[in-house]
Amino acid sequence: MSWHPPGIGGTWRSGRVVPAMKPGRREFLYSGGLALGGMAVGCGVREPASALVDDVSGLNPVVVDSILRPTRTSEIQVALTRTRGTVSIGGGRYSMGGQIASEHSLHIDMRSMRRLLWLDHEAGVVRVQSGMSWRALQDAIDPHGLSVKVMQSYSNFTVGGSVSVNCHGRYVGKGPIAGTVRALQLVTASGEVRELSTLREADLFGAVLGGYGGLGVVTEVELDLDPNDRIGRRADRISLDEYPSFFLERVLADPEVVLHNADLMPPQFDAPLSIDWRRTDAPLTQTRRLVPRDLDYSREQTLIWSATELPGLELVRDRFLTEKLMREPAVTWRNHEASLDVRSLEPRTRLVSTYLLQEYFVPVEAFASFTRQMRRILIASQANILNVSIRHSPADTRSLLRWAETDVFSFVVYHKQRSWAGADAETERWTQRLVAAALDHGGRYYLPYRLHATPMQFRRAYPEHIAFARIRDAIDPRNRFRNRLWDKYLST
C-alpha cells in the first residue's frame, strides 16, 4: 500500500493513494481562485521591514524589505499579486554567493512549506512541497524501503533548493537531479500557477531546473525514487594517471556500485583515495537506518580544525580518517549513508574562518590534462584546501543551464579561508584561474558558490544564458525575481 500524511485528502485506488486534487485541478483552482486562497490561508507569516538574510558562508548579509514564510502555494500567489517589487527566494541557504537574496526584496523563505503531498511507494514516486528537507523526506520514505534517487551527499538541503541548483551527488551513472524530476509546480511573477514537466511546457521546465529562482517560485516537486539497498564500502588507493580507466572499468561498468567518489588530498593532490559503496548481502555493521538527528559532532569539527590549523595535518588525516576507511569494514543502508548531516563539516564559528566549496566539470577525456593544471594552481595559491572530491556524471539532456554538456568528471574543491574581505579577494584570484582552466578544457564551473567568475567567464561557460534570458523576459518581463547571481551575470 501507499501512504499519505494526515490532513492531505486522497482516496485509495488500486493499492495506492490518489491525491484528492490532481495537479491539473490544483492549477486550475489556484490560477482562478486567488480571492478564495487568500481568504482561506491569509498571506503567511511576514516579518517587519529591513530584515537580514545570509547564507551558510556568513559572507553575504543582505538587507531585505520583508520576509514571507508561506505554508501553502496560495499564500505565495497572494503575496505576488499584492506587491510589485523585487522578490528573492531561499531554501536551506547552502548556496554561498548571494543566490538566495537581493537587496530590498520581498524574501520568500520556503522552509515552512515542508509537507509530503503524496507517496506512491509501488511506483516509487513522491510529490512534496519544495521546502521539505531531504532528511524529512527520508524519514517518510524509509519505512517503505525507498531512497532518494539523486541528492547531495548531505541531507540538510531543501528539495526545491536542490532542484533550483540542479544538484548532484555520488550516485554512479545518475547525473544531476534534473533526470529524476517528473514534474514541478511554479508560481510566476503574476501569481499564476503552472504545472511543468517534459511533456508540459518542456522549455520552461528545463530552464527552471538549475534556474536559481530566476523564473518563479518552485512550490511542489514530483520525484522518482530508488530502493533503499544494503551497501558495503570499498576503499582503494590508486595512482592519479590510472584513475580514469579505474573508474570506467571498476566503477561505472559495475551495476552493483551505488555511490562513488575519489578524494585528492593536499599538499600534492596526486594520490586518489577511491571510495565505493556497492550493493551487498553482507551483515550490517551499522544497524541504524538513518543517521540520528541529535548527534554531537564536536569531535569531527575538532579533527577538521586540527587538519587545517596545526602542523602535521597529513598525519592527522591519515591516522583518523584514511586508515579507518581502509581498515574497517562498513555495511549500512543506503538511507543511512544518504542522511549525513552538514554539521559534521561545520566550523565551531564562522566569525574568523569559513568553509567553502567550488566545483569544476571537465569532459572525461580531459581528466589528465585538467588535473595537472588544477594541481599547479592549488599548490601555487597556498590555499587551505581540505580535499578535492572527484565525481562523475553522464551528460544532462534535460536542464537548460546544464553543467554536464557531455559525460564529465567533476572536481569539488573544499577549502577554508578567513572571513574577511582580503582573504576573499585572494580566493577570487585563484578561483578565476581554475575557472579558466576548466573552460580551456571544454568544461564548465558550478554556479551555487562564490560569484568569483567574471561575467565573460560566465557567458563562456553557459552560452545558454541567452535562451534563459529570453525565457525570463517572457515569463517575468518586469524582472521581479532577482538575486545576486543573476544581478551580476544577466545584467551585464
# chains A, B, ... in the order shown; residues from 1 in each chain; ligands from 1
call {"tool": "residues_around", "arguments": {"residues": "stretch 419-431 of chain A", "least_positions_apart": "4", "cutoff": "10 Å", "atoms": "only C-alpha atoms", "output": "list in words"}}
result
Ser57, Gly58, Leu59, Arg350, Leu351, Val352, Ser353, Thr354, Tyr355, Gln358, Glu359, Ile377, Leu378, Ala380, Ser381, Gln382, Ala383, His415, Val435, Ala436, Ala437, Arg450, Leu451, His452, Ala453 and Thr454 of chain A
call {"tool": "closest_atom_pairs", "arguments": {"of": "stretch 126-236 of chain A", "to": "stretch 92-113 of chain A", "cutoff": "12 Å", "atoms": "only C-alpha atoms", "output": "CSV"}}
result
residue,atom,partner,partner_atom,distance
A:Val128,CA,A:Met113,CA,8.9
A:Gln129,CA,A:Met113,CA,5.5
A:Ser130,CA,A:Met113,CA,6.4
A:Gly131,CA,A:Arg111,CA,4.4
A:Met132,CA,A:Met113,CA,6.4
A:Ser133,CA,A:Gly92,CA,7.9
A:Trp134,CA,A:Gly92,CA,10.4
A:Arg135,CA,A:Gly92,CA,11.9
A:Ala136,CA,A:Arg111,CA,11.5
A:Gln152,CA,A:Tyr94,CA,11.3
A:Tyr154,CA,A:Tyr94,CA,11.0
A:Ser155,CA,A:Gly92,CA,10.4
A:Asn156,CA,A:Gly92,CA,7.1
A:Phe157,CA,A:Gly92,CA,5.2
A:Thr158,CA,A:Gly92,CA,5.5
A:Val159,CA,A:Gly92,CA,9.1
A:Gly160,CA,A:Met110,CA,8.4
A:Gly161,CA,A:Gly92,CA,6.9
A:Ser162,CA,A:Gly92,CA,9.2
A:Ser164,CA,A:Gln99,CA,10.2
A:Val165,CA,A:Ser95,CA,8.7
A:Cys167,CA,A:Ser95,CA,11.1
A:Gly210,CA,A:Gln99,CA,11.7
A:Gly211,CA,A:Gln99,CA,10.5
A:Tyr212,CA,A:Gln99,CA,6.9
A:Gly213,CA,A:Ile100,CA,7.9
A:Gly214,CA,A:Gln99,CA,9.6
A:Gly216,CA,A:Ile108,CA,11.0
A:Val217,CA,A:Ile108,CA,8.7
A:Val218,CA,A:Met110,CA,9.3
A:Thr219,CA,A:Met113,CA,7.8
A:Glu220,CA,A:Met113,CA,9.0
A:Val221,CA,A:Met113,CA,11.5
call {"tool": "closest_residue", "arguments": {"among": "A:Leu259, A:Leu400, A:Leu252, A:Leu345", "to": "A:His168", "atoms": "only C-alpha atoms"}}
result
A:Leu259
call {"tool": "closest_residue", "arguments": {"among": "A:Leu284, A:Ile76, A:Ala207, A:Val56", "to": "A:Ile466", "atoms": "only C-alpha atoms"}}
result
A:Ala207
call {"tool": "closest_residue", "arguments": {"among": "A:Val342, A:Val331, A:Leu196, A:Val181", "to": "A:Gln301", "atoms": "only C-alpha atoms"}}
result
A:Val342
call {"tool": "select_by_dssp", "arguments": {"residues": "stretch 25-183 of chain A", "states": "strand (DSSP E or B)", "output": "ChimeraX atom specification"}}
result
/A:45-46,51-53,62-64,66-69,87-90,106-109,116-120,125-129,133,146-148,158,171,181-183
call {"tool": "residues_around", "arguments": {"residues": "stretch 242-244 of chain A", "least_positions_apart": "2", "cutoff": "8 Å", "atoms": "only C-alpha atoms", "output": "VMD selection string"}}
result
chain A and resid 238 to 240 246 to 248 272 364 367
call {"tool": "write_last_selection", "arguments": {"atoms": "N, CA and C atoms", "output": "PDB file, in the first residue's frame"}}
result
ATOM      1  N   ILE A 238      44.862   4.477  -5.482  1.00  0.00           N
ATOM      2  CA  ILE A 238      45.270   4.274  -6.859  1.00  0.00           C
ATOM      3  C   ILE A 238      46.089   5.479  -7.307  1.00  0.00           C
ATOM      4  N   SER A 239      46.771   5.324  -8.426  1.00  0.00           N
ATOM      5  CA  SER A 239      47.551   6.440  -8.946  1.00  0.00           C
ATOM      6  C   SER A 239      46.642   7.387  -9.726  1.00  0.00           C
ATOM      7  N   LEU A 240      47.034   8.628  -9.792  1.00  0.00           N
ATOM      8  CA  LEU A 240      46.239   9.632 -10.484  1.00  0.00           C
ATOM      9  C   LEU A 240      46.103   9.297 -11.966  1.00  0.00           C
ATOM     10  N   PHE A 246      40.438   3.200 -14.166  1.00  0.00           N
ATOM     11  CA  PHE A 246      39.925   2.511 -12.978  1.00  0.00           C
ATOM     12  C   PHE A 246      38.438   2.793 -12.811  1.00  0.00           C
ATOM     13  N   PHE A 247      38.049   4.064 -12.939  1.00  0.00           N
ATOM     14  CA  PHE A 247      36.637   4.402 -12.753  1.00  0.00           C
ATOM     15  C   PHE A 247      35.772   3.745 -13.819  1.00  0.00           C
ATOM     16  N   LEU A 248      36.182   3.851 -15.068  1.00  0.00           N
ATOM     17  CA  LEU A 248      35.349   3.325 -16.154  1.00  0.00           C
ATOM     18  C   LEU A 248      35.215   1.809 -16.088  1.00  0.00           C
ATOM     19  N   PRO A 272      44.749   9.592  -5.463  1.00  0.00           N
ATOM     20  CA  PRO A 272      43.311   9.462  -5.180  1.00  0.00           C
ATOM     21  C   PRO A 272      43.004   8.299  -4.231  1.00  0.00           C
ATOM     22  N   VAL A 364      35.383  13.793 -19.858  1.00  0.00           N
ATOM     23  CA  VAL A 364      36.140  12.644 -19.368  1.00  0.00           C
ATOM     24  C   VAL A 364      37.527  12.590 -19.990  1.00  0.00           C
ATOM     25  N   PHE A 367      40.506  14.657 -18.391  1.00  0.00           N
ATOM     26  CA  PHE A 367      40.818  14.462 -16.972  1.00  0.00           C
ATOM     27  C   PHE A 367      42.282  14.713 -16.655  1.00  0.00           C
TER      28      PHE A 367
END
call {"tool": "select_by_dssp", "arguments": {"residues": "stretch 67-313 of chain A", "states": "alpha helix (DSSP H)", "output": "ChimeraX atom specification"}}
result
/A:73-82,134-141,159-164,202-208,243-246,298-309,313
call {"tool": "atom_distance", "arguments": {"atom1": "atom CA of A:His260", "atom2": "atom CA of A:Ile390"}}
result
8.7 Å
call {"tool": "atom_distance", "arguments": {"atom1": "atom CA of A:Arg459", "atom2": "atom CA of A:Pro394"}}
result
22.7 Å
call {"tool": "closest_residue", "arguments": {"among": "A:Val412, A:Leu204, A:Val187, A:Leu117", "to": "A:Met374", "atoms": "only C-alpha atoms"}}
result
A:Val412
call {"tool": "residues_around", "arguments": {"residues": "A:Lys149", "least_positions_apart": "6", "cutoff": "9 Å", "atoms": "only C-alpha atoms", "output": "VMD selection string"}}
result
chain A and resid 171 174 177 180 223 to 227
call {"tool": "write_last_selection", "arguments": {"atoms": "N, CA and C atoms", "output": "compact mmCIF listing (two decimals), in the first residue's frame"}}
result
# COMPACT_ATOMS: atom_id res chain seq x y z
N TYR A 171 26.05 9.48 -6.88
CA TYR A 171 25.28 8.38 -7.46
C TYR A 171 25.83 8.01 -8.84
N LYS A 174 23.98 8.35 -12.60
CA LYS A 174 22.69 9.03 -12.48
C LYS A 174 22.72 10.46 -12.99
N ILE A 177 20.07 15.98 -10.54
CA ILE A 177 18.71 15.72 -10.09
C ILE A 177 17.68 15.94 -11.19
N THR A 180 15.66 13.10 -12.46
CA THR A 180 14.73 12.39 -11.57
C THR A 180 13.46 13.19 -11.29
N LEU A 223 9.10 13.51 -7.73
CA LEU A 223 10.39 12.86 -7.91
C LEU A 223 10.27 11.35 -8.05
N ASP A 224 11.15 10.77 -8.87
CA ASP A 224 11.36 9.33 -8.88
C ASP A 224 12.22 8.94 -7.69
N LEU A 225 11.96 7.74 -7.16
CA LEU A 225 12.72 7.21 -6.03
C LEU A 225 13.39 5.91 -6.42
N ASP A 226 14.30 5.45 -5.58
CA ASP A 226 15.01 4.18 -5.75
C ASP A 226 14.79 3.29 -4.54
N PRO A 227 15.09 1.99 -4.65
CA PRO A 227 15.05 1.13 -3.45
C PRO A 227 16.14 1.52 -2.45
call {"tool": "atom_distance", "arguments": {"atom1": "atom CA of A:Tyr489", "atom2": "atom CA of A:Asp396"}}
result
22.3 Å
call {"tool": "closest_residue", "arguments": {"among": "A:Glu464, A:Glu309, A:Glu337, A:Asp254", "to": "A:Trp403", "atoms": "only C-alpha atoms"}}
result
A:Glu464
call {"tool": "closest_residue", "arguments": {"among": "A:Leu386, A:Ala366, A:Val291, A:Leu303", "to": "A:Leu340", "atoms": "only C-alpha atoms"}}
result
A:Val291
call {"tool": "residues_around", "arguments": {"residues": "A:Val257", "least_positions_apart": "3", "cutoff": "10 Å", "atoms": "only C-alpha atoms", "output": "ChimeraX atom specification"}}
result
/A:171-173,231-234,250-254,260,276-280
call {"tool": "residues_around", "arguments": {"residues": "A:Ala404", "least_positions_apart": "3", "cutoff": "12 Å", "atoms": "only C-alpha atoms", "output": "ChimeraX atom specification"}}
result
/A:166-168,174-178,210,360-364,392-401,407-410,442-446,461-462
call {"tool": "write_last_selection", "arguments": {"atoms": "C-alpha atoms", "output": "compact mmCIF listing (two decimals), in the first residue's frame"}}
result
# COMPACT_ATOMS: atom_id res chain seq x y z
CA ASN A 166 20.33 21.15 -10.35
CA CYS A 167 22.33 19.35 -7.69
CA HIS A 168 24.13 16.05 -7.94
CA LYS A 174 22.69 9.03 -12.48
CA GLY A 175 23.87 12.58 -13.22
CA PRO A 176 22.06 15.65 -11.84
CA ILE A 177 18.71 15.72 -10.09
CA ALA A 178 17.07 17.03 -13.28
CA GLY A 210 19.09 24.85 -12.39
CA TYR A 360 34.51 22.26 -11.90
CA PHE A 361 33.32 19.92 -14.63
CA VAL A 362 35.52 18.70 -17.50
CA PRO A 363 34.94 16.13 -20.25
CA VAL A 364 36.14 12.64 -19.37
CA HIS A 392 31.33 11.56 -12.46
CA SER A 393 28.16 12.45 -14.33
CA PRO A 394 26.69 11.39 -17.66
CA ALA A 395 25.51 14.14 -19.99
CA ASP A 396 22.49 16.16 -18.84
CA THR A 397 19.83 16.29 -21.56
CA ARG A 398 17.04 17.91 -19.55
CA SER A 399 18.12 21.23 -17.99
CA LEU A 400 18.86 24.37 -19.99
CA LEU A 401 21.78 25.78 -17.98
CA ASP A 407 29.98 12.96 -19.80
CA VAL A 408 32.13 14.74 -17.23
CA PHE A 409 34.33 14.29 -14.22
CA SER A 410 33.61 16.86 -11.51
CA GLY A 442 35.94 22.31 -22.72
CA GLY A 443 34.35 22.24 -19.27
CA ARG A 444 32.26 24.44 -17.01
CA TYR A 445 32.08 25.55 -13.39
CA TYR A 446 29.21 25.25 -10.91
CA ALA A 461 30.70 28.62 -19.53
CA TYR A 462 26.95 28.94 -20.07
call {"tool": "decode", "arguments": {"residues": "stretch 245-281 of chain A", "atoms": "N, CA and C atoms", "output": "tab-separated table (two decimals), in the first residue's frame"}}
result
chain	number	residue	atom	x	y	z
A	245	SER	N	40.70	5.18	-16.11
A	245	SER	CA	40.42	3.80	-16.54
A	245	SER	C	39.91	2.97	-15.37
A	246	PHE	N	40.44	3.20	-14.17
A	246	PHE	CA	39.93	2.51	-12.98
A	246	PHE	C	38.44	2.79	-12.81
A	247	PHE	N	38.05	4.06	-12.94
A	247	PHE	CA	36.64	4.40	-12.75
A	247	PHE	C	35.77	3.74	-13.82
A	248	LEU	N	36.18	3.85	-15.07
A	248	LEU	CA	35.35	3.32	-16.15
A	248	LEU	C	35.22	1.81	-16.09
A	249	GLU	N	36.29	1.12	-15.69
A	249	GLU	CA	36.28	-0.35	-15.70
A	249	GLU	C	35.81	-0.97	-14.39
A	250	ARG	N	36.14	-0.34	-13.26
A	250	ARG	CA	35.83	-0.93	-11.96
A	250	ARG	C	34.60	-0.34	-11.30
A	251	VAL	N	34.21	0.86	-11.69
A	251	VAL	CA	33.09	1.53	-11.03
A	251	VAL	C	31.89	1.66	-11.96
A	252	LEU	N	32.05	2.42	-13.03
A	252	LEU	CA	30.92	2.67	-13.92
A	252	LEU	C	30.40	1.40	-14.57
A	253	ALA	N	31.29	0.46	-14.86
A	253	ALA	CA	30.87	-0.78	-15.52
A	253	ALA	C	30.27	-1.80	-14.57
A	254	ASP	N	30.33	-1.53	-13.27
A	254	ASP	CA	29.81	-2.46	-12.27
A	254	ASP	C	28.40	-2.01	-11.86
A	255	PRO	N	27.37	-2.74	-12.24
A	255	PRO	CA	25.99	-2.30	-11.93
A	255	PRO	C	25.65	-2.33	-10.46
A	256	GLU	N	26.51	-2.94	-9.64
A	256	GLU	CA	26.24	-3.02	-8.21
A	256	GLU	C	26.75	-1.82	-7.44
A	257	VAL	N	27.57	-0.98	-8.04
A	257	VAL	CA	28.09	0.20	-7.35
A	257	VAL	C	27.01	1.28	-7.33
A	258	VAL	N	26.68	1.77	-6.15
A	258	VAL	CA	25.63	2.78	-5.98
A	258	VAL	C	26.25	4.17	-5.83
A	259	LEU	N	27.26	4.30	-4.99
A	259	LEU	CA	27.89	5.59	-4.69
A	259	LEU	C	29.39	5.50	-4.95
A	260	HIS	N	29.97	6.61	-5.39
A	260	HIS	CA	31.41	6.64	-5.61
A	260	HIS	C	31.93	8.07	-5.55
A	261	ASN	N	33.09	8.23	-4.95
A	261	ASN	CA	33.89	9.45	-5.11
A	261	ASN	C	35.34	9.09	-4.85
A	262	ALA	N	36.23	9.93	-5.31
A	262	ALA	CA	37.66	9.74	-5.05
A	262	ALA	C	38.20	11.05	-4.51
A	263	ASP	N	38.96	10.98	-3.43
A	263	ASP	CA	39.46	12.18	-2.77
A	263	ASP	C	40.93	12.40	-3.08
A	264	LEU	N	41.26	13.64	-3.48
A	264	LEU	CA	42.64	14.09	-3.62
A	264	LEU	C	42.98	14.95	-2.41
A	265	MET	N	44.12	14.66	-1.79
A	265	MET	CA	44.48	15.35	-0.56
A	265	MET	C	45.67	16.27	-0.77
A	266	PRO	N	45.73	17.38	-0.01
A	266	PRO	CA	46.91	18.23	-0.04
A	266	PRO	C	48.08	17.50	0.63
A	267	PRO	N	49.31	17.91	0.36
A	267	PRO	CA	49.67	19.12	-0.38
A	267	PRO	C	49.87	18.91	-1.88
A	268	GLN	N	49.92	17.64	-2.35
A	268	GLN	CA	50.26	17.39	-3.75
A	268	GLN	C	49.06	17.02	-4.62
A	269	PHE	N	47.95	16.56	-4.02
A	269	PHE	CA	46.74	16.21	-4.77
A	269	PHE	C	47.05	15.21	-5.89
A	270	ASP	N	47.79	14.18	-5.57
A	270	ASP	CA	48.26	13.26	-6.61
A	270	ASP	C	48.01	11.79	-6.29
A	271	ALA	N	47.26	11.48	-5.22
A	271	ALA	CA	47.06	10.08	-4.83
A	271	ALA	C	45.59	9.86	-4.47
A	272	PRO	N	44.75	9.59	-5.46
A	272	PRO	CA	43.31	9.46	-5.18
A	272	PRO	C	43.00	8.30	-4.23
A	273	LEU	N	42.12	8.56	-3.30
A	273	LEU	CA	41.54	7.51	-2.47
A	273	LEU	C	40.13	7.27	-2.99
A	274	SER	N	39.93	6.14	-3.63
A	274	SER	CA	38.64	5.81	-4.23
A	274	SER	C	37.75	5.15	-3.18
A	275	ILE	N	36.51	5.62	-3.07
A	275	ILE	CA	35.56	5.07	-2.10
A	275	ILE	C	34.28	4.70	-2.84
A	276	ASP	N	33.96	3.41	-2.83
A	276	ASP	CA	32.74	2.90	-3.46
A	276	ASP	C	31.80	2.35	-2.39
A	277	TRP	N	30.53	2.44	-2.68
A	277	TRP	CA	29.51	1.75	-1.89
A	277	TRP	C	28.73	0.85	-2.86
A	278	ARG	N	28.82	-0.48	-2.64
A	278	ARG	CA	28.22	-1.46	-3.53
A	278	ARG	C	27.08	-2.19	-2.82
A	279	ARG	N	26.08	-2.60	-3.60
A	279	ARG	CA	25.01	-3.44	-3.04
A	279	ARG	C	25.61	-4.73	-2.51
A	280	THR	N	25.09	-5.18	-1.38
A	280	THR	CA	25.66	-6.37	-0.74
A	280	THR	C	24.61	-7.05	0.11
A	281	ASP	N	24.84	-8.34	0.37
A	281	ASP	CA	24.02	-9.10	1.32
A	281	ASP	C	24.78	-9.36	2.62
